[in-house]
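A.B. asks: Pasting my_file37.cif here (mmCIF, C-alpha atoms and all ligand atoms):
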```cif
data_data
#
loop_
_atom_site.label_atom_id
_atom_site.label_comp_id
_atom_site.auth_asym_id
_atom_site.auth_seq_id
_atom_site.Cartn_x
_atom_site.Cartn_y
_atom_site.Cartn_z
CA MET T 14 112.58 85.36 -92.63
CA ASN T 15 112.49 86.54 -96.24
CA TYR T 16 110.80 84.63 -99.06
CA PHE T 17 113.97 83.02 -100.43
CA GLU T 18 115.19 81.92 -97.00
CA ASN T 19 111.80 80.45 -96.26
CA MET T 20 111.71 78.62 -99.61
CA PHE T 21 115.31 77.41 -99.88
CA GLY T 22 116.91 77.88 -96.45
CA LEU T 23 118.09 74.67 -94.73
CA SER T 24 118.90 76.01 -91.24
CA GLY T 25 118.39 73.38 -88.57
CA LYS T 26 118.63 70.51 -91.08
CA THR T 27 121.44 67.98 -91.05
CA ALA T 28 122.71 66.44 -94.28
CA VAL T 29 125.10 63.58 -95.01
CA VAL T 30 126.91 63.66 -98.35
CA THR T 31 128.61 60.34 -99.19
CA GLY T 32 131.64 60.90 -101.42
CA GLY T 33 131.26 64.45 -100.14
CA ALA T 34 134.92 65.33 -100.59
CA GLY T 35 134.82 64.45 -104.30
CA ALA T 36 134.42 66.81 -107.26
CA ILE T 37 130.62 66.82 -107.36
CA GLY T 38 130.07 65.84 -103.71
CA GLY T 39 132.21 68.82 -102.68
CA VAL T 40 130.00 71.24 -104.61
CA MET T 41 126.82 69.67 -103.26
CA SER T 42 128.16 69.75 -99.68
CA ASP T 43 129.07 73.40 -100.09
CA ALA T 44 125.63 74.23 -101.55
CA LEU T 45 123.89 72.71 -98.51
CA LEU T 46 126.29 74.45 -96.15
CA GLN T 47 125.68 77.85 -97.82
CA ALA T 48 121.92 77.22 -97.54
CA GLY T 49 122.34 76.87 -93.75
CA ALA T 50 122.41 73.08 -93.17
CA ASN T 51 124.77 71.15 -90.92
CA VAL T 52 126.78 69.03 -93.34
CA ILE T 53 128.60 65.77 -92.68
CA VAL T 54 130.98 64.71 -95.40
CA TRP T 55 131.40 60.94 -95.57
CA SER T 56 134.58 59.94 -97.34
CA ARG T 57 136.87 56.94 -97.59
CA THR T 58 140.09 58.59 -96.50
CA ARG T 59 140.92 60.97 -93.64
CA LYS T 60 143.17 62.88 -96.04
CA SER T 61 140.32 63.72 -98.45
CA ILE T 62 138.18 64.92 -95.52
CA ASP T 63 140.98 67.12 -94.17
CA THR T 64 141.65 68.59 -97.62
CA PHE T 65 137.95 69.40 -97.96
CA LEU T 66 137.71 70.98 -94.48
CA ASP T 67 140.83 73.05 -95.24
CA ARG T 68 138.82 75.00 -97.81
CA TYR T 69 136.93 76.59 -94.90
CA LYS T 70 140.00 77.56 -92.87
CA GLY T 71 139.20 80.64 -90.77
CA GLN T 72 135.44 80.43 -91.52
CA THR T 73 134.35 79.51 -88.00
CA GLU T 74 130.60 79.74 -88.61
CA GLN T 75 130.83 77.29 -91.52
CA LEU T 76 133.30 74.99 -89.75
CA ASN T 77 130.90 74.71 -86.79
CA ARG T 78 128.30 73.28 -89.18
CA LEU T 79 130.71 70.99 -91.00
CA HIS T 80 132.02 67.58 -90.00
CA GLY T 81 133.82 64.71 -91.74
CA ILE T 82 133.55 60.97 -91.10
CA GLN T 83 135.73 58.24 -92.58
CA VAL T 84 133.61 55.40 -93.94
CA ASP T 85 133.42 52.67 -96.56
CA THR T 86 129.84 52.96 -97.83
CA GLY T 87 130.20 49.51 -99.40
CA GLU T 88 130.36 47.87 -95.94
CA GLU T 89 127.15 47.68 -93.92
CA GLU T 90 128.89 47.86 -90.54
CA SER T 91 130.92 50.87 -91.59
CA VAL T 92 127.77 52.69 -92.82
CA SER T 93 125.98 51.83 -89.59
CA ASP T 94 128.91 53.19 -87.49
CA ALA T 95 129.10 56.36 -89.57
CA LEU T 96 125.37 56.94 -89.15
CA GLU T 97 125.69 56.60 -85.34
CA GLN T 98 128.64 59.01 -85.32
CA SER T 99 126.63 61.47 -87.45
CA VAL T 100 123.65 61.33 -85.08
CA ALA T 101 125.98 61.85 -82.10
CA HIS T 102 127.74 64.81 -83.71
CA PHE T 103 124.68 66.82 -84.83
CA SER T 104 121.35 64.96 -84.86
CA LEU T 105 119.67 62.34 -87.05
CA PRO T 106 120.30 63.61 -90.60
CA GLU T 107 117.13 64.32 -92.63
CA ILE T 108 119.00 64.62 -95.93
CA LEU T 109 121.20 61.99 -97.61
CA ILE T 110 123.10 62.70 -100.81
CA ASN T 111 124.41 59.50 -102.39
CA CYS T 112 127.45 60.85 -104.21
CA VAL T 113 129.76 57.82 -104.08
CA GLY T 114 130.27 56.50 -107.58
CA GLY T 115 132.37 56.68 -110.68
CA ASN T 116 133.75 54.75 -113.60
CA MET T 117 136.91 52.71 -114.20
CA GLY T 118 138.27 52.00 -117.65
CA LYS T 119 136.71 51.68 -121.09
CA ALA T 120 136.89 48.63 -123.35
CA PRO T 121 135.13 46.81 -126.17
CA PHE T 122 132.48 44.43 -124.82
CA LEU T 123 134.55 41.38 -125.77
CA ASP T 124 137.41 42.66 -123.59
CA ILE T 125 135.38 43.33 -120.45
CA ASP T 126 137.45 42.72 -117.33
CA LEU T 127 134.93 41.04 -115.04
CA ASP T 128 136.64 42.00 -111.77
CA GLN T 129 136.54 45.62 -112.84
CA PHE T 130 132.93 45.23 -114.05
CA ARG T 131 131.88 43.91 -110.64
CA ALA T 132 133.84 46.63 -108.83
CA VAL T 133 132.05 49.39 -110.78
CA LEU T 134 128.62 47.85 -110.10
CA GLU T 135 129.53 47.47 -106.44
CA MET T 136 130.78 51.06 -106.13
CA ASN T 137 127.84 52.72 -107.89
CA LEU T 138 124.98 50.50 -106.77
CA VAL T 139 125.86 48.96 -103.41
CA ALA T 140 128.16 51.67 -101.98
CA GLY T 141 126.59 54.45 -104.06
CA LEU T 142 122.95 53.76 -103.29
CA VAL T 143 121.68 50.56 -101.68
CA LEU T 144 123.50 50.45 -98.32
CA PRO T 145 123.19 54.12 -97.28
CA THR T 146 119.57 54.21 -98.52
CA LYS T 147 118.72 51.04 -96.59
CA LEU T 148 120.20 52.23 -93.30
CA PHE T 149 118.89 55.80 -93.47
CA CYS T 150 115.38 54.72 -94.51
CA ARG T 151 115.31 52.12 -91.71
CA ARG T 152 115.96 54.89 -89.15
CA TRP T 153 113.57 57.35 -90.81
CA VAL T 154 110.73 54.82 -90.92
CA ASP T 155 111.33 53.81 -87.28
CA GLU T 156 111.58 57.40 -86.07
CA LYS T 157 108.85 58.78 -88.37
CA ILE T 158 111.23 61.23 -90.06
CA LYS T 159 110.26 62.50 -93.52
CA GLY T 160 113.77 62.13 -94.91
CA ASN T 161 115.02 63.16 -98.29
CA ILE T 162 117.53 61.43 -100.60
CA ILE T 163 119.30 62.73 -103.69
CA ASN T 164 121.02 60.12 -105.88
CA LEU T 165 123.47 60.74 -108.72
CA THR T 166 122.26 59.49 -112.08
CA SER T 167 124.05 60.29 -115.34
CA MET T 168 123.51 60.81 -119.04
CA THR T 169 124.10 57.07 -119.37
CA SER T 170 121.03 56.43 -117.21
CA TYR T 171 119.07 57.49 -120.33
CA ASN T 172 121.31 56.73 -123.32
CA PRO T 173 124.24 54.30 -123.01
CA LEU T 174 127.77 55.65 -123.47
CA SER T 175 130.07 53.42 -125.48
CA GLY T 176 132.62 51.13 -123.84
CA VAL T 177 131.70 51.78 -120.19
CA TRP T 178 129.46 48.75 -119.73
CA ALA T 179 129.29 48.48 -115.96
CA TYR T 180 128.86 52.24 -115.57
CA ASP T 181 126.02 52.15 -118.14
CA ALA T 182 124.33 49.33 -116.25
CA ALA T 183 124.88 50.86 -112.82
CA LYS T 184 123.58 54.30 -113.73
CA ALA T 185 120.53 52.90 -115.57
CA ALA T 186 119.84 50.97 -112.37
CA THR T 187 120.35 54.11 -110.28
CA LEU T 188 117.55 55.81 -112.22
CA ASN T 189 115.36 52.74 -111.88
CA LEU T 190 116.01 52.43 -108.14
CA THR T 191 115.43 56.16 -107.63
CA MET T 192 111.90 55.66 -108.96
CA ALA T 193 111.35 52.30 -107.25
CA THR T 194 112.55 53.44 -103.80
CA ALA T 195 110.61 56.72 -104.13
CA ASN T 196 107.52 54.58 -104.58
CA GLU T 197 108.44 52.24 -101.72
CA PHE T 198 108.98 55.02 -99.18
CA ALA T 199 106.34 57.54 -100.31
CA GLU T 200 103.91 56.30 -97.68
CA TYR T 201 106.35 57.48 -94.99
CA GLY T 202 106.71 60.94 -96.55
CA ILE T 203 110.30 60.14 -97.57
CA ARG T 204 111.28 61.74 -100.90
CA ILE T 205 113.90 60.22 -103.22
CA ASN T 206 115.09 62.04 -106.33
CA ALA T 207 118.24 62.28 -108.41
CA ILE T 208 120.39 64.76 -110.26
CA ALA T 209 121.78 63.68 -113.64
CA PRO T 210 124.90 65.72 -114.36
CA GLY T 211 125.82 66.09 -118.01
CA PHE T 212 129.51 66.27 -118.83
CA PHE T 213 131.73 67.92 -116.23
CA ILE T 214 135.41 67.23 -116.51
CA GLY T 215 136.42 65.37 -113.37
CA LYS T 216 138.86 62.72 -112.20
CA GLN T 217 136.75 59.82 -113.48
CA ASN T 218 136.46 61.02 -117.08
CA LYS T 219 139.37 63.44 -117.63
CA ALA T 220 141.55 60.90 -119.44
CA LEU T 221 138.67 60.02 -121.78
CA LEU T 222 137.90 63.63 -122.68
CA ILE T 223 141.27 65.43 -122.73
CA ASP T 224 144.46 64.19 -124.37
CA GLU T 225 147.02 64.16 -121.55
CA LYS T 226 149.92 64.97 -123.91
CA THR T 227 148.42 67.81 -125.97
CA GLY T 228 145.76 69.16 -123.59
CA GLU T 229 143.33 69.12 -126.55
CA TYR T 230 139.93 67.45 -126.42
CA THR T 231 139.97 63.79 -127.49
CA GLU T 232 137.62 62.59 -130.26
CA ARG T 233 135.23 61.57 -127.46
CA GLY T 234 135.58 65.02 -125.84
CA LYS T 235 134.76 66.70 -129.16
CA ALA T 236 131.80 64.35 -129.69
CA VAL T 237 130.39 65.34 -126.28
CA ILE T 238 130.65 69.06 -127.08
CA ASN T 239 129.07 68.55 -130.52
CA HIS T 240 126.24 66.65 -128.86
CA THR T 241 125.61 69.33 -126.21
CA PRO T 242 123.33 72.15 -127.44
CA PHE T 243 125.09 74.62 -125.08
CA ASN T 244 128.32 73.65 -126.88
CA ARG T 245 130.48 73.33 -123.77
CA PHE T 246 131.23 71.17 -120.75
CA GLY T 247 129.43 72.06 -117.53
CA ASP T 248 131.01 73.66 -114.53
CA VAL T 249 130.39 71.67 -111.34
CA SER T 250 129.18 74.86 -109.61
CA GLU T 251 126.14 74.61 -111.90
CA LEU T 252 124.90 71.63 -109.83
CA ALA T 253 124.38 73.72 -106.67
CA GLY T 254 120.94 75.12 -107.58
CA ALA T 255 119.33 71.75 -108.31
CA THR T 256 120.85 70.41 -105.07
CA VAL T 257 119.30 73.12 -102.90
CA PHE T 258 115.97 72.84 -104.74
CA LEU T 259 115.70 69.08 -104.13
CA ALA T 260 117.05 69.33 -100.57
CA SER T 261 114.43 71.89 -99.55
CA SER T 262 111.10 70.32 -98.65
CA ARG T 263 109.40 73.68 -98.98
CA ALA T 264 110.69 74.11 -102.54
CA SER T 265 110.21 70.52 -103.73
CA GLY T 266 107.95 68.87 -101.16
CA PHE T 267 105.68 67.32 -103.81
CA VAL T 268 108.58 66.12 -105.99
CA THR T 269 109.64 62.50 -105.72
CA GLY T 270 111.04 59.84 -108.04
CA VAL T 271 112.45 62.29 -110.58
CA SER T 272 115.93 62.73 -112.01
CA ILE T 273 116.80 66.30 -112.98
CA PRO T 274 119.25 66.57 -115.87
CA VAL T 275 121.77 69.42 -115.51
CA ASP T 276 123.34 68.85 -118.88
CA GLY T 277 123.38 71.88 -121.19
CA GLY T 278 120.68 70.12 -123.22
CA TYR T 279 122.66 66.91 -123.90
CA LEU T 280 119.53 64.76 -123.62
CA ILE T 281 117.53 66.90 -126.06
CA HIS T 282 120.16 66.83 -128.80
CA ASN T 283 118.62 66.13 -132.20
CA ILE T 284 119.69 66.35 -135.83
N1 LIG Y 301 131.97 63.91 -113.02
C1 LIG Y 301 130.97 63.77 -113.89
O1 LIG Y 301 131.01 64.33 -115.01
C2 LIG Y 301 129.74 62.97 -113.53
C3 LIG Y 301 128.67 62.93 -114.43
C4 LIG Y 301 127.53 62.19 -114.09
C5 LIG Y 301 127.44 61.55 -112.88
N2 LIG Y 301 128.48 61.60 -112.03
C6 LIG Y 301 128.31 60.90 -110.74
O2 LIG Y 301 128.46 61.80 -109.67
C7 LIG Y 301 128.99 61.12 -108.54
C8 LIG Y 301 130.23 61.85 -108.04
O3 LIG Y 301 131.19 61.88 -109.09
P1 LIG Y 301 132.53 62.72 -108.98
O4 LIG Y 301 132.91 63.11 -110.35
O5 LIG Y 301 132.40 63.78 -107.92
O6 LIG Y 301 133.52 61.58 -108.50
P2 LIG Y 301 134.76 61.67 -107.47
O7 LIG Y 301 135.60 60.47 -107.75
O8 LIG Y 301 135.38 63.02 -107.48
O9 LIG Y 301 134.01 61.48 -106.06
C9 LIG Y 301 133.54 60.26 -105.58
C10 LIG Y 301 134.03 60.11 -104.15
O10 LIG Y 301 133.49 58.90 -103.62
C11 LIG Y 301 134.49 58.31 -102.80
N3 LIG Y 301 134.20 56.88 -102.66
C12 LIG Y 301 134.25 55.92 -103.63
N4 LIG Y 301 133.91 54.73 -103.11
C13 LIG Y 301 133.65 54.95 -101.78
C14 LIG Y 301 133.27 54.11 -100.70
N5 LIG Y 301 133.08 52.79 -100.87
N6 LIG Y 301 133.10 54.67 -99.49
C15 LIG Y 301 133.30 55.99 -99.28
N7 LIG Y 301 133.66 56.84 -100.27
C16 LIG Y 301 133.84 56.32 -101.50
C17 LIG Y 301 135.79 58.57 -103.55
O11 LIG Y 301 136.89 58.43 -102.70
C18 LIG Y 301 135.55 60.01 -104.04
O12 LIG Y 301 136.01 60.95 -103.08
C19 LIG Y 301 129.25 59.68 -109.02
O13 LIG Y 301 128.13 58.89 -108.71
C20 LIG Y 301 129.39 59.84 -110.51
O14 LIG Y 301 129.11 58.65 -111.18
C21 LIG Y 301 129.64 62.29 -112.31
#
```
Output the file's structure in the form of structure tokens.
C.D. replies:
Amino acid sequence: MNYFENMFGLSGKTAVVTGGAGAIGGVMSDALLQAGANVIVWSRTRKSIDTFLDRYKGQTEQLNRLHGIQVDTGEEESVSDALEQSVAHFSLPEILINCVGGNMGKAPFLDIDLDQFRAVLEMNLVAGLVLPTKLFCRRWVDEKIKGNIINLTSMTSYNPLSGVWAYDAAKAATLNLTMATANEFAEYGIRINAIAPGFFIGKQNKALLIDEKTGEYTERGKAVINHTPFNRFGDVSELAGATVFLASSRASGFVTGVSIPVDGGYLIHNI
């Protein structure tokens, strides 16, 4: 085995990626697959799983290491069932990527729609972190597995973005809970870290950043670029390296409780 395979290779490991058929989850799933892991994509709809698996049509070796399971990660019973199905299909996963999450809407504080506010907190915190973390860590503690979790933080975990109140709160809490759970489970050898993507144009933010009619950047889109020292949006493929680094216990075995920004320098912007 060469040095790079030994350091970053994930052969023999099994990973679950929640929201794994999404924009970022898809890239992270692919990164783990290319590094040799068995990958189970957890997604809400069968259609999104099939569309994701279709990308690997004809690639038998990859398809043998890839599986999709339909789940609602906001429902404890559904997460529990999906975990059992994952164990039965490959083996008890040692890696969990919590990629369920996203934003809905943008409004002045005085116009907050409370149903939507609760739904965003529920999606990012309960479905996006708490339930999968609880069920995986329960199994890992019981079976003495040194598991590994990667959460998805955001620029708003550090500096609030305007008008997206629940998303601000949820992602600040994701950073907090990444540190708190890393501390809680360190005694079992379980590592919990996060990746904080900067601005990547995706489904959740496209309408805020690009004017649908003209195709030009919105004022907010321009503000993001002006605030990013690399002067551009990121490409989701740029999240693959950090994913493999954190997933590999040989590469990052002494790293826990951190959030790695992949942001073109957004967080170090100054005047
Ligand atoms: N796109 C960005 O620029 C960006 C930046 C920072 C952080 N993030 C975070 O990265 C993560 C992934 O974002 P994305 O852009 O890939 O979003 P996405 O909408 O493309 O993917 C999220 C996936 O999660 C699934 N999902 C939602 N609720 C679910 C549930 N209860 N059960 C099962 N599946 C569910 C959705 O169906 C979707 O496929 C999110 O946590 C997001 O907040 C994204």
A.B. asks: Can you pull out every residue within 9 Å of Pro274 (chain T), counting all atoms listed in the file, but drop anything in the same chain fewer than 2 positions away, and send it as an mmCIF file with C-alpha atoms, in the coordinates of the input?
C.D. replies:
```cif
data_model
loop_
_atom_site.group_PDB
_atom_site.id
_atom_site.type_symbol
_atom_site.label_atom_id
_atom_site.label_comp_id
_atom_site.auth_asym_id
_atom_site.auth_seq_id
_atom_site.Cartn_x
_atom_site.Cartn_y
_atom_site.Cartn_z
ATOM 1 C CA THR T 166 122.260 59.490 -112.080
ATOM 2 C CA SER T 167 124.050 60.290 -115.340
ATOM 3 C CA MET T 168 123.510 60.810 -119.040
ATOM 4 C CA ALA T 207 118.240 62.280 -108.410
ATOM 5 C CA ILE T 208 120.390 64.760 -110.260
ATOM 6 C CA ALA T 209 121.780 63.680 -113.640
ATOM 7 C CA PRO T 210 124.900 65.720 -114.360
ATOM 8 C CA GLY T 211 125.820 66.090 -118.010
ATOM 9 C CA SER T 272 115.930 62.730 -112.010
ATOM 10 C CA ASP T 276 123.340 68.850 -118.880
ATOM 11 C CA GLY T 277 123.380 71.880 -121.190
ATOM 12 C CA GLY T 278 120.680 70.120 -123.220
ATOM 13 C CA TYR T 279 122.660 66.910 -123.900
ATOM 14 C CA LEU T 280 119.530 64.760 -123.620
#
```
A.B. asks: Would you mind listing the residues within 8 Å of ligand LIG 301 (chain Y), counting all atoms listed in the file, as an MDAnalysis selection string?
C.D. replies: chainID T and resid 31:39 55:58 61 83:88 111:116 136:137 140:141 164:168 180 184 209:218
A.B. asks: Considering all atoms listed in the file, return as a PDB file with C-alpha atoms, in the frame of the given file whatever protein or nucleic-acid residues lie within 12 Å of Val271 (chain T), sequence-local ones (same chain, fewer than 4 positions apart) excluded.
C.D. replies:
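So selection.pdb came out as:
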```pdb
ATOM      1  CA  ILE T 162     117.530  61.430-100.600  1.00  0.00           C
ATOM      2  CA  ILE T 163     119.300  62.730-103.690  1.00  0.00           C
ATOM      3  CA  ASN T 164     121.020  60.120-105.880  1.00  0.00           C
ATOM      4  CA  LEU T 165     123.470  60.740-108.720  1.00  0.00           C
ATOM      5  CA  THR T 166     122.260  59.490-112.080  1.00  0.00           C
ATOM      6  CA  THR T 187     120.350  54.110-110.280  1.00  0.00           C
ATOM      7  CA  LEU T 188     117.550  55.810-112.220  1.00  0.00           C
ATOM      8  CA  ASN T 189     115.360  52.740-111.880  1.00  0.00           C
ATOM      9  CA  LEU T 190     116.010  52.430-108.140  1.00  0.00           C
ATOM     10  CA  THR T 191     115.430  56.160-107.630  1.00  0.00           C
ATOM     11  CA  MET T 192     111.900  55.660-108.960  1.00  0.00           C
ATOM     12  CA  ALA T 193     111.350  52.300-107.250  1.00  0.00           C
ATOM     13  CA  THR T 194     112.550  53.440-103.800  1.00  0.00           C
ATOM     14  CA  ALA T 195     110.610  56.720-104.130  1.00  0.00           C
ATOM     15  CA  ASN T 196     107.520  54.580-104.580  1.00  0.00           C
ATOM     16  CA  ARG T 204     111.280  61.740-100.900  1.00  0.00           C
ATOM     17  CA  ILE T 205     113.900  60.220-103.220  1.00  0.00           C
ATOM     18  CA  ASN T 206     115.090  62.040-106.330  1.00  0.00           C
ATOM     19  CA  ALA T 207     118.240  62.280-108.410  1.00  0.00           C
ATOM     20  CA  ILE T 208     120.390  64.760-110.260  1.00  0.00           C
ATOM     21  CA  ALA T 209     121.780  63.680-113.640  1.00  0.00           C
ATOM     22  CA  ALA T 255     119.330  71.750-108.310  1.00  0.00           C
ATOM     23  CA  LEU T 259     115.700  69.080-104.130  1.00  0.00           C
ATOM     24  CA  SER T 265     110.210  70.520-103.730  1.00  0.00           C
ATOM     25  CA  PHE T 267     105.680  67.320-103.810  1.00  0.00           C
TER      26      PHE T 267
END
```
A.B. asks: So how many Å separate CA of Glu107 (chain T) and CA of Tyr201 (chain T), to one decimal?
C.D. replies: 13.0 Å
A.B. asks: Between CA of Leu96 (chain T) and CA of Arg151 (chain T), what is the spacing in Å?
C.D. replies: 11.4 Å
A.B. asks: Go through T:Ile110, T:Ala179, T:Ser170, T:Thr146 one by one, measure the shortest atom-to-atom distance of each to Asp128 (chain T) using all atoms listed in the file, and give the residue with the smallest value.
C.D. replies: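 With all atoms listed in the file as the atom set, the closest residue is T:Ala179.
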A.B. asks: Taking the structure in the block just given, could you write region 34-50 of chain T with N, CA and C atoms, as a compact mmCIF listing (two decimals), in the first residue's frame?
C.D. replies:
```
# COMPACT_ATOMS: atom_id res chain seq x y z
N ALA T 34 -27.86 12.57 -1.43
CA ALA T 34 -28.14 12.77 -2.86
C ALA T 34 -28.21 14.26 -3.18
N GLY T 35 -28.01 15.11 -2.19
CA GLY T 35 -28.07 16.56 -2.40
C GLY T 35 -26.80 17.09 -3.04
N ALA T 36 -26.75 18.43 -3.21
CA ALA T 36 -25.62 19.05 -3.92
C ALA T 36 -24.30 18.76 -3.20
N ILE T 37 -24.24 19.06 -1.93
CA ILE T 37 -22.99 18.87 -1.18
C ILE T 37 -22.86 17.40 -0.75
N GLY T 38 -23.96 16.81 -0.29
CA GLY T 38 -23.93 15.40 0.11
C GLY T 38 -23.46 14.51 -1.03
N GLY T 39 -23.86 14.84 -2.26
CA GLY T 39 -23.46 14.05 -3.42
C GLY T 39 -21.95 14.08 -3.62
N VAL T 40 -21.37 15.26 -3.45
CA VAL T 40 -19.90 15.39 -3.61
C VAL T 40 -19.18 14.64 -2.49
N MET T 41 -19.72 14.75 -1.27
CA MET T 41 -19.06 14.08 -0.14
C MET T 41 -19.18 12.56 -0.27
N SER T 42 -20.35 12.10 -0.72
CA SER T 42 -20.53 10.65 -0.95
C SER T 42 -19.53 10.16 -1.99
N ASP T 43 -19.42 10.92 -3.08
CA ASP T 43 -18.51 10.52 -4.15
C ASP T 43 -17.05 10.51 -3.65
N ALA T 44 -16.69 11.50 -2.83
CA ALA T 44 -15.31 11.56 -2.32
C ALA T 44 -14.99 10.31 -1.50
N LEU T 45 -15.93 9.88 -0.66
CA LEU T 45 -15.71 8.69 0.17
C LEU T 45 -15.64 7.44 -0.69
N LEU T 46 -16.51 7.41 -1.71
CA LEU T 46 -16.52 6.27 -2.62
C LEU T 46 -15.18 6.16 -3.36
N GLN T 47 -14.70 7.31 -3.88
CA GLN T 47 -13.42 7.30 -4.63
C GLN T 47 -12.27 6.91 -3.71
N ALA T 48 -12.41 7.21 -2.40
CA ALA T 48 -11.33 6.85 -1.45
C ALA T 48 -11.45 5.39 -1.00
N GLY T 49 -12.45 4.67 -1.52
CA GLY T 49 -12.51 3.22 -1.29
C GLY T 49 -13.57 2.75 -0.32
N ALA T 50 -14.33 3.68 0.31
CA ALA T 50 -15.33 3.27 1.31
C ALA T 50 -16.57 2.66 0.64
```
